[in-house]
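protein-v1.pdb, holding PDB, C-alpha atoms:
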```
ATOM      1  CA  MET A   1     143.833 111.786  55.938
ATOM      2  CA  PRO A   2     147.569 111.411  55.243
ATOM      3  CA  LEU A   3     148.742 108.426  53.292
ATOM      4  CA  ALA A   4     151.501 106.496  55.064
ATOM      5  CA  LEU A   5     154.061 105.790  52.388
ATOM      6  CA  LEU A   6     157.034 104.236  54.075
ATOM      7  CA  THR A   7     158.522 103.600  57.483
ATOM      8  CA  LEU A   8     162.289 103.952  57.686
ATOM      9  CA  ALA A   9     163.710 101.615  60.257
ATOM     10  CA  ALA A  10     167.007 100.464  58.796
ATOM     11  CA  ALA A  11     168.187 103.470  56.765
ATOM     12  CA  THR A  12     171.253 105.300  58.062
ATOM     13  CA  PHE A  13     171.729 108.882  56.946
ATOM     14  CA  ALA A  14     174.905 110.958  56.629
ATOM     15  CA  LEU A  15     175.646 114.254  54.935
ATOM     16  CA  CYS A  16     175.626 114.001  51.138
ATOM     17  CA  ALA A  17     179.022 114.018  49.479
ATOM     18  CA  ASP A  18     179.887 114.803  45.874
ATOM     19  CA  GLY A  19     178.950 112.131  43.375
ATOM     20  CA  PRO A  20     175.971 109.805  43.181
ATOM     21  CA  ARG A  21     173.536 110.127  46.079
ATOM     22  CA  THR A  22     171.658 107.189  47.514
ATOM     23  CA  THR A  23     170.692 107.782  51.165
ATOM     24  CA  CYS A  24     171.953 111.066  52.592
ATOM     25  CA  VAL A  25     170.928 114.566  53.701
ATOM     26  CA  VAL A  26     171.388 117.506  51.319
ATOM     27  CA  ASP A  27     170.207 120.305  53.614
ATOM     28  CA  GLY A  28     167.690 121.021  56.358
ATOM     29  CA  ASP A  29     164.646 120.140  54.254
ATOM     30  CA  THR A  30     165.931 117.798  51.539
ATOM     31  CA  PHE A  31     167.366 114.292  51.600
ATOM     32  CA  TRP A  32     167.879 111.276  49.383
ATOM     33  CA  LEU A  33     166.413 107.884  50.241
ATOM     34  CA  ASN A  34     167.367 104.858  48.181
ATOM     35  CA  GLY A  35     168.182 107.105  45.212
ATOM     36  CA  GLU A  36     164.990 109.205  45.401
ATOM     37  CA  LYS A  37     165.162 112.911  46.287
ATOM     38  CA  VAL A  38     162.712 113.842  49.061
ATOM     39  CA  ARG A  39     161.695 117.353  50.148
ATOM     40  CA  LEU A  40     160.075 117.844  53.550
ATOM     41  CA  ALA A  41     156.680 119.239  52.575
ATOM     42  CA  ASP A  42     155.877 121.068  55.798
ATOM     43  CA  ILE A  43     158.917 123.341  56.221
ATOM     44  CA  ASN A  44     161.405 125.668  54.587
ATOM     45  CA  ALA A  45     164.966 125.489  55.891
ATOM     46  CA  PRO A  46     167.831 127.913  55.189
ATOM     47  CA  GLU A  47     169.952 127.162  52.136
ATOM     48  CA  THR A  48     173.407 125.678  52.429
ATOM     49  CA  HIS A  49     174.192 125.682  48.706
ATOM     50  CA  GLY A  50     173.798 129.172  47.331
ATOM     51  CA  ALA A  51     172.988 130.797  50.666
ATOM     52  CA  GLY A  52     172.448 134.541  50.392
ATOM     53  CA  CYS A  53     174.591 135.442  53.407
ATOM     54  CA  LEU A  54     176.863 133.916  56.022
ATOM     55  CA  ALA A  55     174.100 133.824  58.654
ATOM     56  CA  GLU A  56     171.866 131.773  56.344
ATOM     57  CA  GLN A  57     174.757 129.436  55.516
ATOM     58  CA  GLU A  58     175.515 128.824  59.209
ATOM     59  CA  LEU A  59     171.864 128.252  60.174
ATOM     60  CA  GLY A  60     171.423 126.003  57.147
ATOM     61  CA  GLU A  61     174.380 123.891  58.206
ATOM     62  CA  ARG A  62     172.936 123.546  61.724
ATOM     63  CA  ALA A  63     169.561 122.544  60.261
ATOM     64  CA  THR A  64     171.241 119.988  57.999
ATOM     65  CA  ARG A  65     173.151 118.340  60.855
ATOM     66  CA  ARG A  66     169.987 118.279  62.968
ATOM     67  CA  LEU A  67     167.981 116.637  60.177
ATOM     68  CA  VAL A  68     170.645 113.909  59.941
ATOM     69  CA  ALA A  69     170.244 113.269  63.683
ATOM     70  CA  LEU A  70     166.437 113.289  63.521
ATOM     71  CA  LEU A  71     166.304 110.888  60.564
ATOM     72  CA  ASN A  72     168.663 108.548  62.445
ATOM     73  CA  SER A  73     166.692 108.785  65.718
ATOM     74  CA  GLY A  74     164.581 105.707  65.122
ATOM     75  CA  PRO A  75     161.710 104.621  62.917
ATOM     76  CA  VAL A  76     160.545 107.506  60.711
ATOM     77  CA  THR A  77     157.327 107.415  58.713
ATOM     78  CA  LEU A  78     157.089 109.327  55.434
ATOM     79  CA  GLU A  79     153.589 110.512  54.599
ATOM     80  CA  ILE A  80     152.005 112.260  51.652
ATOM     81  CA  GLU A  81     149.941 115.274  52.717
ATOM     82  CA  GLY A  82     148.683 117.190  49.694
ATOM     83  CA  ARG A  83     150.807 116.962  46.574
ATOM     84  CA  ALA A  84     153.040 113.918  46.160
ATOM     85  CA  GLN A  85     155.642 115.709  44.038
ATOM     86  CA  ASP A  86     156.906 119.267  43.534
ATOM     87  CA  ARG A  87     157.624 121.031  40.251
ATOM     88  CA  TYR A  88     161.256 119.846  40.386
ATOM     89  CA  GLY A  89     160.237 116.186  40.555
ATOM     90  CA  ARG A  90     161.131 115.755  44.233
ATOM     91  CA  ALA A  91     158.908 113.576  46.380
ATOM     92  CA  LEU A  92     157.049 115.772  48.903
ATOM     93  CA  ARG A  93     156.710 114.055  52.263
ATOM     94  CA  VAL A  94     156.082 114.804  55.921
ATOM     95  CA  ALA A  95     158.543 112.793  58.023
ATOM     96  CA  ARG A  96     157.341 111.726  61.478
ATOM     97  CA  HIS A  97     159.050 110.076  64.415
ATOM     98  CA  GLY A  98     156.826 109.005  67.297
ATOM     99  CA  GLY A  99     153.923 110.809  65.613
ATOM    100  CA  ARG A 100     155.707 114.183  65.578
ATOM    101  CA  SER A 101     156.761 115.894  62.368
ATOM    102  CA  LEU A 102     160.525 116.237  62.045
ATOM    103  CA  GLY A 103     159.800 119.517  60.281
ATOM    104  CA  SER A 104     157.866 120.848  63.267
ATOM    105  CA  GLN A 105     160.789 119.801  65.464
ATOM    106  CA  LEU A 106     163.171 121.841  63.304
ATOM    107  CA  VAL A 107     160.771 124.804  63.453
ATOM    108  CA  ALA A 108     160.506 124.525  67.261
ATOM    109  CA  GLU A 109     164.312 124.562  67.482
ATOM    110  CA  GLY A 110     164.544 127.706  65.323
ATOM    111  CA  LEU A 111     166.216 125.868  62.433
ATOM    112  CA  ALA A 112     163.382 126.141  59.887
ATOM    113  CA  GLU A 113     160.041 127.830  59.302
ATOM    114  CA  PRO A 114     156.658 126.361  58.405
ATOM    115  CA  TRP A 115     156.139 126.051  54.644
ATOM    116  CA  ARG A 116     154.043 128.964  53.398
ATOM    117  CA  GLY A 117     154.021 128.169  49.694
ATOM    118  CA  ARG A 118     157.251 129.981  48.874
ATOM    119  CA  ARG A 119     160.782 130.454  50.151
ATOM    120  CA  SER A 120     161.568 133.287  52.519
ATOM    121  CA  ASP A 121     164.523 135.640  52.433
ATOM    122  CA  TRP A 122     166.518 134.093  55.266
ATOM    123  CA  CYS A 123     169.108 136.871  55.238
ATOM    124  CA  ALA A 124     166.417 139.506  55.834
ATOM    125  CA  LEU A 125     164.713 137.368  58.498
ATOM    126  CA  LEU A 126     167.974 136.749  60.351
ATOM    127  CA  ALA A 127     169.059 140.383  60.085
ATOM    128  CA  GLY A 128     165.664 141.456  61.468
ATOM    129  CA  ALA A 129     165.971 139.029  64.368
ATOM    130  CA  GLN A 130     169.462 140.327  65.107
ATOM    131  CA  ALA A 131     168.246 143.945  65.037
ATOM    132  CA  ARG A 132     165.447 143.173  67.531
ATOM    133  CA  ARG A 133     167.960 141.860  70.090
TER
END
```

Rewrite the structure of this file - the entire thing - as structure tokens.
Amino acid sequence: MPLALLTLAAATFALCADGPRTTCVVDGDTFWLNGEKVRLADINAPETHGAGCLAEQELGERATRRLVALLNSGPVTLEIEGRAQDRYGRALRVARHGGRSLGSQLVAEGLAEPWRGRRSDWCALLAGAQARR
């Protein structure tokens, strides 16, 4: 059973800027909340910093903007499912709004993929999708 950790009702998220980070969104699967770095545990989103290709960069930017909107959409509950922290010290959480995972929303919109224990090569995935069209 997931452990409900925190319900965000009053936090307002924006894109992270340079400098100290308090409450902001880094990319499509990572954000800061009250000075703590949080990684969405149930998805992998394209990179925006150090993207491998332009297509990954563009999709990552779309995912990042969408995560900002989802986190600002109303009360969000952060839950621990499995490990509480990753090897980089980030808090691992599943974020839910109205009972639905924000990660699963990003996956449904084509902006992320379910977490499979490792990162994917977004450039290869996007090139393959383009070739199938």

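Each of A:Ala41, A:Gly98, A:Gly60, A:Thr48 was compared to Ala84 (chain A) using all atoms listed in the file, and A:Ala41 turns out to be the nearest.
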
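Across the model, the gap from CA of Arg65 (chain A) to CA of Val25 (chain A) is 8.4 Å.
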
>> For a cutoff of 7 Å around the file-coordinate point (162.7, 114.3, 48.8), which residues qualify once you count only C-alpha atoms? I'd like the result as a list of chain:residue names.
In response: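 Checking each residue against the 7 Å limit leaves A:Thr30, A:Phe31, A:Trp32, A:Glu36, A:Lys37, A:Val38, A:Arg39, A:Leu40, A:Arg90, A:Ala91, A:Leu92, A:Arg93.
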
> Contacts of Glu113 (chain A) at 9 Å or less, counting all atoms listed in the file, minus same-chain residues fewer than 3 places along, as an MDAnalysis selection string?
Replying inline: chainID A and resid 42:46 103:104 106:108 110 116 120

> On this structure, which residues satisfy the PyMOL selection byres ((chain A and resi 14) around 7), written as a PyMOL selection string?
Replying inline: chain A and resi 12-13+15-16+24-25+68

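Each of A:Val76, A:Cys123, A:Leu67, A:Cys53 was checked against Ala95 (chain A) using only C-alpha atoms; the smallest atom-to-atom distance is that of A:Val76.
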
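The shortest atom-to-atom distance to Leu33 (chain A), with all atoms listed in the file taken into account, belongs to A:Leu71 out of A:Ala17, A:Leu71, A:Ala112, A:Ala51.
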
>> Nearest residue to Glu56 (chain A) out of A:Pro114, A:Leu78, A:Asn34, A:Asp27, using all atoms listed in the file?
In response: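 Between A:Pro114, A:Leu78, A:Asn34, A:Asp27, the residue approaching Glu56 (chain A) most closely is A:Asp27.
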
> Which one is closest to Glu109 (chain A): A:Ala63, A:Leu54, A:Ala69, A:Val94? Count only C-alpha atoms.
Replying inline: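 Going through A:Ala63, A:Leu54, A:Ala69, A:Val94 one by one, the smallest distance to Glu109 (chain A) is for A:Ala63.
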
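Interatomic distance, CA of Leu111 (chain A) to CA of Asp29 (chain A): 10.1 Å.
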
> In Å, how far is it from CA of Arg83 (chain A) to CA of Arg21 (chain A)?
Replying inline: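 Going from CA of Arg83 (chain A) over to CA of Arg21 (chain A), I get 23.7 Å.
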